[in-house]
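*Asks:* The structure's right below; bear with me while I get my questions together.
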Amino acid sequence: MKFFIDTANLDQIREAAALGVLDGVTTNPSLMAREGIKGQPNIEQHYVDICNLVDGDVSAEVYSTDFAGMVKEGEKLASLHKNIVVKVPMIKEGIRALKYFSDKGIRTNCTLVFSAGQAILAAKAGATYVSPFLGRLDDNSVDGVHLIEQIAHIYTNYPAFNTQILAASIRHSVHIVRCAEAGAHVATCPLTAILDLLKHPLTDIGLAKFLADAAK
Ligand code: E4P
C-alpha cells in the first residue's frame, strides 16, 4: 500500500517525507486556500515546490469545470513536473477530460467519488487513480470503507481496468488499516493519521522496560 499525504503544507510534507515512507501528495483547492496559495504563478510554483520535496506522484487539481478549461489547465499542470497527476472532478465534463488525458498519456486522479458507479466510470475513462472520499461518507452515516471494498471487488472482476484505488478523506489511523484490508492501492492521509499508526501502549511499556533493563 502506498502512503500519500493529503496537504499543501510544505512543513508537513517535509516531516512526512523525512519518515521515509511517503509515496506522494494529494492537494485540492481547499487545501491550497488553507495555505494562502492563490492566483498564478503562485499556485503553479507551489506545486513545483511540493514536487521538489517528494519523489512520487503529486495530485494537482484543475479549477475549471468545463472540458476545454480542464484540458488547458491540466496540460499546463502536467508540464510543470514529471510527477504531477492531474486531478479532475467526477462530473460529465470531467469524464471527457479523463479520457482525453488518458489518451495523451497524462496521468489523472478522479476526485469527489462517492459511489461504485462513479468508480466504474472513472476506470472506463482511463483514470490512473480514483479517489473515493470515505471520511465524508462516514460523516453522512454511510460506511466509507464499504465503498472501498465494493470498488476493489469490481476492479478485480475486470483486470483490464488499470485504475488504482486512492482512498481519500481519511480521518484517522483505523481508516488506513481498514483500507489496507479492503485492498486500496493508496491511502492519502493527514500527517496525524500516519503518525498515529506508530502508537501502541504496549510498545511504550515494552521499550521503557528494555531501556530500564539495559541501564542495569
Ligand atoms: C483527496 O484527494 C482530498 O483532497 C481529501 O482527501 C479530502 O478530504 P477531506 O474530506 O478531509 O476534505
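Within each chain, counting starts at residue 1; across the C-alpha cells, chains are named A, B, ... in the order shown, with ligands numbered 1 upward in that order.
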Please report as a tab-separated table every residue of chain A lying within 6 Å of ligand 1, along with the nearest atom pair and their distance in Å (one decimal), using only C-alpha atoms and all ligand atoms.
*Replies:*
```
residue	atom	partner	partner_atom_place_in_ligand_line	distance
A:Asp6	CA	ligand 1	4 (O)	5.8
A:Thr26	CA	ligand 1	2 (O)	5.1
A:Thr27	CA	ligand 1	4 (O)	5.2
A:Asn28	CA	ligand 1	4 (O)	4.9
A:Gly135	CA	ligand 1	10 (O)	5.8
A:Arg136	CA	ligand 1	10 (O)	5.2
A:Ala168	CA	ligand 1	6 (O)	3.9
A:Ser169	CA	ligand 1	6 (O)	3.3
```
*Asks:* Create the file for the chosen residues now, containing N, CA, C and O atoms and written as a compact mmCIF listing (two decimals), in the first residue's frame.
*Replies:*
```
# COMPACT_ATOMS: atom_id res chain seq x y z
N ASP A 6 -2.11 14.16 2.47
CA ASP A 6 -3.20 14.96 1.92
C ASP A 6 -3.10 16.38 2.48
O ASP A 6 -3.81 16.74 3.42
N THR A 26 -1.38 14.52 -2.18
CA THR A 26 -2.60 15.00 -2.86
C THR A 26 -2.92 16.38 -2.30
O THR A 26 -2.72 16.66 -1.11
N THR A 27 -3.42 17.23 -3.19
CA THR A 27 -3.87 18.56 -2.77
C THR A 27 -5.26 18.75 -3.35
O THR A 27 -5.72 17.94 -4.16
N ASN A 28 -5.93 19.79 -2.92
CA ASN A 28 -7.19 20.21 -3.56
C ASN A 28 -7.31 21.71 -3.35
O ASN A 28 -6.52 22.30 -2.60
N GLY A 135 -14.13 9.39 4.42
CA GLY A 135 -14.45 10.16 5.64
C GLY A 135 -15.73 10.96 5.47
O GLY A 135 -16.57 11.02 6.38
N ARG A 136 -15.89 11.56 4.29
CA ARG A 136 -17.11 12.36 4.09
C ARG A 136 -18.35 11.48 4.04
O ARG A 136 -19.44 11.90 4.43
N ALA A 168 -9.39 8.31 -0.03
CA ALA A 168 -9.21 9.72 0.34
C ALA A 168 -10.18 10.10 1.46
O ALA A 168 -11.03 9.30 1.85
N SER A 169 -9.98 11.31 1.96
CA SER A 169 -10.79 11.82 3.06
C SER A 169 -10.65 10.89 4.28
O SER A 169 -11.63 10.59 4.95
```
*Asks:* Which residues come within 10 Å of segment 68-70 of chain A, counting only C-alpha atoms, excluding same-chain residues fewer than 4 positions away, as a list in words?
*Replies:*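 Counting only the stated atoms, we get Glu61, Val62, Tyr63, Ser64, Gly74, Glu75, Lys76, Val86, Lys87, Val88, Pro89, Glu93, Gly94, Arg96, Ala97, Leu98 and Phe101 of chain A.
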*Asks:* Enter the distance from atom CA of Ser59 of chain A to atom CA of Lys92 of chain A, in Å, rounded to one decimal.
*Replies:*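 These atoms are spaced 20.1 Å apart.
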*Asks:* Would you pick out the contacts of segment 196-205 of chain A at 10 Å or less, using only C-alpha atoms, so that residues sharing its chain but fewer than 5 positions from it are not included, and give the list as a PyMOL selection string?
*Replies:* chain A and resi 172-174+176-177+191+210
*Asks:* I'd like the neighbourhood of Val58 of chain A as a PyMOL selection string, where a residue qualifies if any of its atoms comes within 12 Å (using only C-alpha atoms), though same-chain residues fewer than 4 positions away should be ignored.
*Replies:* chain A and resi 3-8+13+22-28+46-54+77-78+80-87+107-109+129+188
*Asks:* Residues within 12 Å of segment 139-146 of chain A, please, as a list in words. Count only C-alpha atoms; anything in the same chain fewer than 6 positions from it doesn't count.
*Replies:*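 The residues that qualify are Val113, Phe114, Ser115, Ala116, Ser131, Pro132, Phe133, Ala152, His153, Ile165, Leu166, Ala167, Ala168, Ser169, Ile170, Arg171, Val174, His175, Ile176, Val177, Arg178, Cys179, Ala180, Glu181, Ala182, Gly183, Ala184 and Ala187 of chain A.
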*Asks:* Kindly export the residues of the current selection with C-alpha atoms, as a PDB file, in the first residue's frame.
*Replies:*
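Result file is part.pdb:
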```pdb
ATOM      1  CA  VAL A 113     -16.057   9.900  -5.866  1.00  0.00           C
ATOM      2  CA  PHE A 114     -18.824   8.677  -3.570  1.00  0.00           C
ATOM      3  CA  SER A 115     -20.299   5.629  -5.335  1.00  0.00           C
ATOM      4  CA  ALA A 116     -19.229   2.418  -7.063  1.00  0.00           C
ATOM      5  CA  SER A 131     -10.444   8.863  -5.088  1.00  0.00           C
ATOM      6  CA  PRO A 132     -13.385   7.624  -3.010  1.00  0.00           C
ATOM      7  CA  PHE A 133     -13.916  10.059  -0.098  1.00  0.00           C
ATOM      8  CA  ALA A 152     -11.821  -3.272  -5.074  1.00  0.00           C
ATOM      9  CA  HIS A 153     -14.192  -6.161  -5.811  1.00  0.00           C
ATOM     10  CA  ILE A 165      -7.929   2.958  -5.687  1.00  0.00           C
ATOM     11  CA  LEU A 166      -6.699   6.003  -3.783  1.00  0.00           C
ATOM     12  CA  ALA A 167      -8.636   6.055  -0.507  1.00  0.00           C
ATOM     13  CA  ALA A 168      -9.214   9.716   0.341  1.00  0.00           C
ATOM     14  CA  SER A 169     -10.789  11.817   3.061  1.00  0.00           C
ATOM     15  CA  ILE A 170      -9.121   9.598   5.636  1.00  0.00           C
ATOM     16  CA  ARG A 171      -9.658  10.829   9.176  1.00  0.00           C
ATOM     17  CA  VAL A 174      -8.051   2.943  11.746  1.00  0.00           C
ATOM     18  CA  HIS A 175      -9.258   4.138   8.344  1.00  0.00           C
ATOM     19  CA  ILE A 176      -5.788   3.410   6.928  1.00  0.00           C
ATOM     20  CA  VAL A 177      -5.747  -0.136   8.305  1.00  0.00           C
ATOM     21  CA  ARG A 178      -9.302  -0.846   7.110  1.00  0.00           C
ATOM     22  CA  CYS A 179      -8.460   0.491   3.646  1.00  0.00           C
ATOM     23  CA  ALA A 180      -5.414  -1.793   3.520  1.00  0.00           C
ATOM     24  CA  GLU A 181      -7.661  -4.752   4.435  1.00  0.00           C
ATOM     25  CA  ALA A 182     -10.119  -3.694   1.742  1.00  0.00           C
ATOM     26  CA  GLY A 183      -7.411  -3.626  -0.919  1.00  0.00           C
ATOM     27  CA  ALA A 184      -6.905   0.101  -1.565  1.00  0.00           C
ATOM     28  CA  ALA A 187      -4.246   5.921   1.212  1.00  0.00           C
TER      29      ALA A 187
END
```
*Asks:* DSSP on the backbone: what in segment 106-146 of chain A comes out helix (DSSP H, G or I), as a PyMOL selection string?
*Replies:* chain A and resi 116-124+134-139+144-146
*Asks:* What does the structure give for the distance between atom CA of Ala17 of chain A and atom CA of Val186 of chain A, in Å to one decimal?
*Replies:* 15.8 Å
*Asks:* Could you state the separation of atom CA of Leu134 of chain A and atom CA of Leu147 of chain A in Å, given to one decimal place?
*Replies:* 7.5 Å
*Asks:* So which residues touch Thr163 of chain A within 7 Å, counting only C-alpha atoms, skipping near sequence neighbours fewer than 4 positions away, as number ranges by chain?
*Replies:* A: 123, 126-130
*Asks:* Can you work out which one of A:Thr192, A:Thr65, A:Gln40, A:Asn157 has the shortest atom-to-atom distance to Ile120 of chain A, counting only C-alpha atoms?
*Replies:*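 Using only C-alpha atoms, the shortest distance to Ile120 of chain A belongs to A:Asn157.
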*Asks:* As a list in words, list the residues of segment 22-146 of chain A assigned to strand (DSSP E or B) by DSSP on the backbone atoms of this structure.
*Replies:*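 Taking segment 22-146 of chain A and keeping strand (DSSP E or B) gives Gly24, Val25, Thr26, Asp57, Val58, Ser59, Ala60, Glu61, Ile84, Val85, Val86, Lys87, Val88, Pro89, Thr108, Asn109, Cys110, Thr111, Leu112, Val113, Tyr129, Val130, Ser131, Pro132 and Phe133 of chain A.
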*Asks:* Selection from above, N, CA and C atoms, as a PDB file, in the first residue's frame, can you write it?
*Replies:*
```pdb
ATOM      1  N   GLY A  24       3.814   9.998  -2.038  1.00  0.00           N
ATOM      2  CA  GLY A  24       3.213  11.032  -2.874  1.00  0.00           C
ATOM      3  C   GLY A  24       2.391  12.011  -2.059  1.00  0.00           C
ATOM      4  N   VAL A  25       1.754  12.936  -2.774  1.00  0.00           N
ATOM      5  CA  VAL A  25       0.990  14.018  -2.132  1.00  0.00           C
ATOM      6  C   VAL A  25      -0.305  14.226  -2.912  1.00  0.00           C
ATOM      7  N   THR A  26      -1.384  14.519  -2.180  1.00  0.00           N
ATOM      8  CA  THR A  26      -2.596  14.999  -2.857  1.00  0.00           C
ATOM      9  C   THR A  26      -2.920  16.382  -2.304  1.00  0.00           C
ATOM     10  N   ASP A  57       4.101  10.717  -6.851  1.00  0.00           N
ATOM     11  CA  ASP A  57       3.019  11.426  -7.539  1.00  0.00           C
ATOM     12  C   ASP A  57       2.443  12.558  -6.696  1.00  0.00           C
ATOM     13  N   VAL A  58       2.195  13.685  -7.342  1.00  0.00           N
ATOM     14  CA  VAL A  58       1.626  14.863  -6.685  1.00  0.00           C
ATOM     15  C   VAL A  58       0.360  15.255  -7.450  1.00  0.00           C
ATOM     16  N   SER A  59      -0.786  15.103  -6.805  1.00  0.00           N
ATOM     17  CA  SER A  59      -2.044  15.436  -7.473  1.00  0.00           C
ATOM     18  C   SER A  59      -2.302  16.930  -7.401  1.00  0.00           C
ATOM     19  N   ALA A  60      -2.518  17.539  -8.576  1.00  0.00           N
ATOM     20  CA  ALA A  60      -2.814  18.965  -8.682  1.00  0.00           C
ATOM     21  C   ALA A  60      -4.163  19.098  -9.373  1.00  0.00           C
ATOM     22  N   GLU A  61      -5.109  19.744  -8.689  1.00  0.00           N
ATOM     23  CA  GLU A  61      -6.493  19.745  -9.176  1.00  0.00           C
ATOM     24  C   GLU A  61      -6.773  20.913 -10.121  1.00  0.00           C
ATOM     25  N   ILE A  84       3.600  15.300 -11.639  1.00  0.00           N
ATOM     26  CA  ILE A  84       2.241  15.842 -11.480  1.00  0.00           C
ATOM     27  C   ILE A  84       1.196  14.893 -12.066  1.00  0.00           C
ATOM     28  N   VAL A  85       0.157  14.666 -11.272  1.00  0.00           N
ATOM     29  CA  VAL A  85      -1.013  13.905 -11.698  1.00  0.00           C
ATOM     30  C   VAL A  85      -2.170  14.910 -11.720  1.00  0.00           C
ATOM     31  N   VAL A  86      -2.899  14.975 -12.820  1.00  0.00           N
ATOM     32  CA  VAL A  86      -3.956  15.975 -12.950  1.00  0.00           C
ATOM     33  C   VAL A  86      -5.232  15.458 -12.275  1.00  0.00           C
ATOM     34  N   LYS A  87      -5.698  16.249 -11.295  1.00  0.00           N
ATOM     35  CA  LYS A  87      -6.871  15.830 -10.524  1.00  0.00           C
ATOM     36  C   LYS A  87      -8.121  16.465 -11.145  1.00  0.00           C
ATOM     37  N   VAL A  88      -9.092  15.608 -11.455  1.00  0.00           N
ATOM     38  CA  VAL A  88     -10.270  16.024 -12.229  1.00  0.00           C
ATOM     39  C   VAL A  88     -11.524  15.608 -11.458  1.00  0.00           C
ATOM     40  N   PRO A  89     -12.509  16.522 -11.328  1.00  0.00           N
ATOM     41  CA  PRO A  89     -13.714  16.138 -10.579  1.00  0.00           C
ATOM     42  C   PRO A  89     -14.621  15.161 -11.345  1.00  0.00           C
ATOM     43  N   THR A 108      -3.906  10.840 -14.297  1.00  0.00           N
ATOM     44  CA  THR A 108      -5.020  11.565 -13.680  1.00  0.00           C
ATOM     45  C   THR A 108      -5.472  10.932 -12.363  1.00  0.00           C
ATOM     46  N   ASN A 109      -6.163  11.766 -11.572  1.00  0.00           N
ATOM     47  CA  ASN A 109      -6.793  11.314 -10.337  1.00  0.00           C
ATOM     48  C   ASN A 109      -8.232  11.827 -10.380  1.00  0.00           C
ATOM     49  N   CYS A 110      -9.181  10.913 -10.434  1.00  0.00           N
ATOM     50  CA  CYS A 110     -10.593  11.316 -10.476  1.00  0.00           C
ATOM     51  C   CYS A 110     -11.081  11.508  -9.042  1.00  0.00           C
ATOM     52  N   THR A 111     -11.448  12.750  -8.721  1.00  0.00           N
ATOM     53  CA  THR A 111     -11.758  13.098  -7.334  1.00  0.00           C
ATOM     54  C   THR A 111     -13.258  13.275  -7.109  1.00  0.00           C
ATOM     55  N   LEU A 112     -13.623  13.345  -5.826  1.00  0.00           N
ATOM     56  CA  LEU A 112     -15.020  13.524  -5.405  1.00  0.00           C
ATOM     57  C   LEU A 112     -15.877  12.331  -5.829  1.00  0.00           C
ATOM     58  N   VAL A 113     -15.354  11.143  -5.539  1.00  0.00           N
ATOM     59  CA  VAL A 113     -16.057   9.900  -5.866  1.00  0.00           C
ATOM     60  C   VAL A 113     -16.740   9.351  -4.609  1.00  0.00           C
ATOM     61  N   TYR A 129      -5.869   7.093 -11.086  1.00  0.00           N
ATOM     62  CA  TYR A 129      -6.352   6.887  -9.710  1.00  0.00           C
ATOM     63  C   TYR A 129      -7.832   7.270  -9.630  1.00  0.00           C
ATOM     64  N   VAL A 130      -8.543   6.592  -8.728  1.00  0.00           N
ATOM     65  CA  VAL A 130      -9.894   7.022  -8.381  1.00  0.00           C
ATOM     66  C   VAL A 130      -9.879   7.322  -6.878  1.00  0.00           C
ATOM     67  N   SER A 131     -10.479   8.451  -6.500  1.00  0.00           N
ATOM     68  CA  SER A 131     -10.444   8.863  -5.088  1.00  0.00           C
ATOM     69  C   SER A 131     -11.818   8.809  -4.435  1.00  0.00           C
ATOM     70  N   PRO A 132     -12.171   7.667  -3.822  1.00  0.00           N
ATOM     71  CA  PRO A 132     -13.385   7.624  -3.010  1.00  0.00           C
ATOM     72  C   PRO A 132     -13.140   8.343  -1.685  1.00  0.00           C
ATOM     73  N   PHE A 133     -14.060   9.233  -1.309  1.00  0.00           N
ATOM     74  CA  PHE A 133     -13.916  10.059  -0.098  1.00  0.00           C
ATOM     75  C   PHE A 133     -14.597   9.356   1.082  1.00  0.00           C
TER      76      PHE A 133
END
```
